[in-house]
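To be precise, the following lines are structure-v6.txt, and they hold compact mmCIF, C-alpha atoms.
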```txt
# COMPACT_ATOMS: atom_id res chain seq x y z
CA MET T 1 -27.38 22.24 12.06
CA VAL T 2 -25.74 23.24 8.77
CA GLU T 3 -29.11 24.12 7.27
CA PHE T 4 -29.94 26.30 10.30
CA SER T 5 -26.60 28.14 10.11
CA THR T 6 -27.17 29.06 6.46
CA LEU T 7 -30.48 30.79 7.15
CA ARG T 8 -30.79 34.54 6.86
CA PRO T 9 -30.72 36.23 10.30
CA ASP T 10 -34.45 37.12 10.24
CA ALA T 11 -35.40 33.51 9.38
CA ARG T 12 -33.05 32.17 12.06
CA LEU T 13 -34.61 34.47 14.69
CA ARG T 14 -38.09 33.36 13.63
CA ASN T 15 -37.06 29.70 14.04
CA ILE T 16 -35.61 30.39 17.49
CA ARG T 17 -38.79 32.15 18.60
CA ASN T 18 -40.95 29.32 17.25
CA GLY T 19 -38.78 26.80 19.09
CA LEU T 20 -39.10 28.74 22.35
CA GLN T 21 -42.91 28.70 21.99
CA GLN T 22 -43.05 25.00 21.20
CA LEU T 23 -40.73 24.04 24.07
CA SER T 24 -42.60 26.29 26.55
CA TYR T 25 -39.48 27.29 28.44
CA GLY T 26 -41.46 30.02 30.23
CA ASN T 27 -43.70 27.37 31.83
CA SER T 28 -40.96 24.97 32.92
CA ALA T 29 -41.12 24.38 36.67
CA TYR T 30 -37.62 22.94 36.52
CA LEU T 31 -36.17 26.15 35.09
CA GLN T 32 -38.24 28.29 37.49
CA ASP T 33 -36.91 26.29 40.49
CA PHE T 34 -33.41 27.30 39.48
CA GLY T 35 -34.37 30.91 38.81
CA ILE T 36 -33.73 30.62 35.09
CA ASN T 37 -35.79 32.81 32.81
CA VAL T 38 -35.73 32.52 29.02
CA ASP T 39 -36.65 35.74 27.22
CA ALA T 40 -38.17 35.32 23.76
CA ASN T 41 -36.69 38.67 22.69
CA PRO T 42 -33.03 38.74 21.69
CA MET T 43 -30.55 41.00 23.40
CA THR T 44 -29.51 44.12 21.55
CA ILE T 45 -25.85 44.96 21.72
CA LYS T 46 -23.78 47.62 20.05
CA GLY T 47 -21.44 46.24 17.46
CA ARG T 48 -19.15 47.42 14.73
CA ILE T 49 -17.60 46.02 11.61
CA LEU T 50 -13.89 45.50 11.99
CA PRO T 51 -11.60 46.51 9.16
CA THR T 52 -10.53 43.67 6.88
CA PRO T 53 -7.09 42.41 7.90
CA THR T 54 -4.26 42.32 5.42
CA LEU T 55 -3.08 38.81 4.57
CA MET T 56 0.67 38.38 4.31
CA TYR T 57 2.18 35.93 1.84
CA GLY T 58 5.72 34.91 1.01
CA ARG T 59 8.01 37.04 -1.14
CA ASN T 60 6.72 40.20 0.61
CA SER T 61 3.33 39.83 -1.03
CA SER T 62 0.11 40.89 0.70
CA ILE T 63 -3.57 41.20 -0.12
CA VAL T 64 -6.67 42.70 1.48
CA PRO T 65 -9.64 40.35 0.96
CA ARG T 66 -12.77 41.85 -0.57
CA ASP T 67 -16.24 40.54 0.40
CA GLY T 68 -14.63 37.80 2.47
CA GLN T 69 -12.82 36.32 -0.53
CA TRP T 70 -9.32 36.30 -1.89
CA ASN T 71 -7.38 34.49 -4.56
CA MET T 72 -4.20 32.57 -3.78
CA ARG T 73 -3.26 32.22 -7.42
CA ASP T 74 0.47 32.84 -7.83
CA LYS T 75 0.91 33.37 -4.07
CA MET T 76 3.52 31.65 -1.91
CA LEU T 77 2.75 30.85 1.73
CA TYR T 78 4.29 33.23 4.25
CA ARG T 79 5.99 30.50 6.30
CA PRO T 80 5.22 27.11 4.72
CA GLU T 81 5.66 24.00 6.83
CA ARG T 82 7.93 21.26 5.50
CA ILE T 83 6.41 17.86 4.81
CA ALA T 84 8.75 15.30 6.35
CA GLY T 85 6.79 12.37 4.97
CA CYS T 86 3.45 11.75 3.32
CA ALA T 87 1.34 8.63 2.84
CA ILE T 88 -2.10 8.03 1.32
CA LEU T 89 -4.85 5.77 2.66
CA ILE T 90 -7.62 4.97 0.15
CA TYR T 91 -10.99 3.62 1.29
CA ASP T 92 -12.84 4.23 -1.96
CA ALA T 93 -12.78 1.07 -4.13
CA ARG T 94 -13.93 3.19 -7.10
CA PHE T 95 -10.78 5.36 -6.84
CA ARG T 96 -8.94 4.04 -9.88
CA PRO T 97 -5.15 3.92 -10.40
CA GLU T 98 -5.36 6.88 -12.82
CA SER T 99 -7.17 8.89 -10.11
CA GLU T 100 -4.44 7.90 -7.66
CA ARG T 101 -1.74 9.11 -10.09
CA HIS T 102 -3.66 12.35 -10.65
CA LEU T 103 -3.98 12.90 -6.88
CA LYS T 104 -0.24 12.42 -6.36
CA GLU T 105 0.68 14.74 -9.24
CA THR T 106 -1.79 17.42 -8.18
CA LEU T 107 -0.67 17.34 -4.54
CA TYR T 108 2.97 17.62 -5.56
CA GLN T 109 2.28 20.52 -7.94
CA ALA T 110 0.04 22.34 -5.44
CA CYS T 111 2.71 22.10 -2.73
CA GLN T 112 5.38 23.37 -5.10
CA ALA T 113 3.15 26.26 -6.19
CA VAL T 114 2.73 27.62 -2.64
CA GLY T 115 6.26 26.91 -1.40
CA ILE T 116 5.69 23.73 0.64
CA GLN T 117 8.84 21.61 0.48
CA GLY T 118 9.23 17.87 0.98
CA MET T 119 6.06 16.60 -0.68
CA PRO T 120 7.12 13.36 -2.38
CA GLN T 121 6.10 12.77 -5.97
CA ASP T 122 5.17 9.17 -5.24
CA PRO T 123 4.06 8.72 -1.62
CA PRO T 124 3.26 5.19 -0.40
CA VAL T 125 -0.40 4.15 -0.76
CA LEU T 126 -2.44 1.68 1.23
CA ARG T 127 -5.87 0.59 -0.05
CA LYS T 128 -8.40 -0.77 2.44
CA ASN T 129 -12.06 -1.74 2.56
CA ALA T 130 -14.20 1.00 4.15
CA GLY T 131 -16.16 -1.49 6.28
CA GLY T 132 -15.12 -3.13 9.50
CA GLY T 133 -14.27 -0.12 11.62
CA GLN T 134 -10.54 -0.93 11.87
CA TYR T 135 -9.59 2.59 10.77
CA TRP T 136 -7.07 3.31 13.50
CA ASN T 137 -5.30 0.02 12.75
CA HIS T 138 -5.18 0.97 9.06
CA ILE T 139 -3.56 4.30 9.91
CA LYS T 140 -0.97 2.53 12.08
CA GLU T 141 -0.35 0.03 9.28
CA LEU T 142 0.15 2.90 6.84
CA GLY T 143 2.60 4.58 9.23
CA THR T 144 4.56 1.33 9.53
CA LEU T 145 4.56 0.90 5.74
CA HIS T 146 5.87 4.46 5.32
CA LYS T 147 8.58 3.85 7.90
CA GLN T 148 9.68 0.65 6.11
CA VAL T 149 9.80 2.39 2.73
CA LYS T 150 11.08 5.86 3.74
CA GLY T 151 12.81 5.27 7.09
CA ALA T 152 10.56 7.51 9.21
CA MET T 153 6.92 8.02 10.15
CA PRO T 154 4.91 10.42 7.93
CA ASN T 155 3.81 13.80 9.26
CA LEU T 156 1.00 13.98 6.69
CA ILE T 157 -1.55 11.25 6.02
CA ILE T 158 -4.12 11.85 3.31
CA VAL T 159 -7.27 9.73 3.50
CA VAL T 160 -9.52 9.25 0.46
CA LEU T 161 -13.01 8.46 1.73
CA PRO T 162 -15.80 6.80 -0.24
CA ASP T 163 -18.52 9.19 -1.31
CA PHE T 164 -21.42 6.87 -0.56
CA GLY T 165 -22.27 8.70 2.67
CA ASN T 166 -20.72 6.42 5.28
CA GLU T 167 -20.79 8.86 8.19
CA ASP T 168 -19.16 6.39 10.60
CA ILE T 169 -15.90 6.29 8.66
CA TYR T 170 -15.89 10.07 8.26
CA VAL T 171 -16.39 10.72 11.99
CA ARG T 172 -13.80 8.13 13.04
CA ILE T 173 -11.15 9.36 10.62
CA LYS T 174 -11.69 12.99 11.64
CA LYS T 175 -11.01 12.10 15.28
```

Take the structure in the file and give it back as structure tokens.
Amino acid sequence: MVEFSTLRPDARLRNIRNGLQQLSYGNSAYLQDFGINVDANPMTIKGRILPTPTLMYGRNSSIVPRDGQWNMRDKMLYRPERIAGCAILIYDARFRPESERHLKETLYQACQAVGIQGMPQDPPVLRKNAGGGQYWNHIKELGTLHKQVKGAMPNLIIVVLPDFGNEDIYVRIKK
């Protein structure tokens, strides 16, 4: 899917047309029974390019992106949300203590740089094995740990995933 979406429009259209030929939608009795017709030619519609919107930042700063890009360097968020509590769940056994310290420092500095308040300098960390599928229980355990240490549940949980391609953990955590 990702590979298809990165194709140039002419290549994408060619792939769609090839797919229509291979699937023989025009010969499907099932589709014909329901009065559905698939045209191999795309629709042509009139379109226009909208003007690039102006992005508003804090401290009355604004910017108009160029070529779909913009730089947030030295910009404060317009209305930053406050972090009431943060905790970190690490599933990557190769994520060393120095990497953990660097993550905490970088998160704190990045939040300060854009105006996000409340990011703790040393949020609680829970390390777990990536196998077993008990991810939801780990998140609940981390919430309980945070509540014991800080007195309230976190409103931000950061999960460090292993980079060995375990799609199951990625999909389950994202949900």

Exercise. Around the point (-11.1, 4.9, 1.6) in the file's coordinates, collect all residues with an atom within 8 Å, using all atoms listed in the file, and return them as a PyMOL selection string.
Key: chain T and resi 89-93+127-130+159-162

Quiz item: Which value, in Å to one decimal, gives the distance between CA of Ala11 in chain T and CA of Asn27 in chain T?
Solution: 24.7 Å

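For Ala110 in chain T, the set of protein, DNA and RNA residues having any atom at most 12 Å away, when counting all atoms listed in the file and skipping those fewer than 3 positions along the same chain, is Met72, Arg73, Asp74, Lys75, Met76, Leu77, His102, Leu103, Lys104, Glu105, Thr106, Leu107, Ala113, Val114, Gly115, Ile116, Gln117, Met119, Pro120 and Gln121 of chain T.
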
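When only C-alpha atoms are used to measure the gap to Leu126 in chain T, the shortest distance among T:Leu13, T:Lys150, T:Leu50, T:Ile88 belongs to T:Ile88.
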
Polymer residues at most 10 Å from Gly131 in chain T, only C-alpha atoms, same-chain spacing of 4 or more positions, as a PDB file with C-alpha atoms, keeping the file's coordinate frame:
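Wrote it out as result.pdb, contents follow:
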```
ATOM      1  CA  TYR T  91     -10.990   3.620   1.290  1.00  0.00           C
ATOM      2  CA  TYR T 135      -9.590   2.590  10.770  1.00  0.00           C
ATOM      3  CA  ASN T 166     -20.720   6.420   5.280  1.00  0.00           C
ATOM      4  CA  ASP T 168     -19.160   6.390  10.600  1.00  0.00           C
ATOM      5  CA  ILE T 169     -15.900   6.290   8.660  1.00  0.00           C
TER       6      ILE T 169
END
```

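Going from CA of Pro124 in chain T over to CA of Arg82 in chain T, you cover 17.7 Å.
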
Self-check item: Gap from CA of Ser99 in chain T to CA of Gln112 in chain T - Å, one decimal
Solution: 19.8 Å

Quiz item: Do you know which residues are at most 10 Å from Leu55 in chain T counting only C-alpha atoms, after dropping those on the same chain fewer than 2 positions away, and could you put them as an NGL selection string?
Solution: :T and (52-53 or 57 or 61-65 or 70 or 78)

Residues from the last selection, C-alpha atoms, saved as a PDB file, in the coordinates of the input:
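Listed below is the output, part.pdb:
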```
ATOM      1  CA  THR T  52     -10.530  43.670   6.880  1.00  0.00           C
ATOM      2  CA  PRO T  53      -7.090  42.410   7.900  1.00  0.00           C
ATOM      3  CA  TYR T  57       2.180  35.930   1.840  1.00  0.00           C
ATOM      4  CA  SER T  61       3.330  39.830  -1.030  1.00  0.00           C
ATOM      5  CA  SER T  62       0.110  40.890   0.700  1.00  0.00           C
ATOM      6  CA  ILE T  63      -3.570  41.200  -0.120  1.00  0.00           C
ATOM      7  CA  VAL T  64      -6.670  42.700   1.480  1.00  0.00           C
ATOM      8  CA  PRO T  65      -9.640  40.350   0.960  1.00  0.00           C
ATOM      9  CA  TRP T  70      -9.320  36.300  -1.890  1.00  0.00           C
ATOM     10  CA  TYR T  78       4.290  33.230   4.250  1.00  0.00           C
TER      11      TYR T  78
END
```
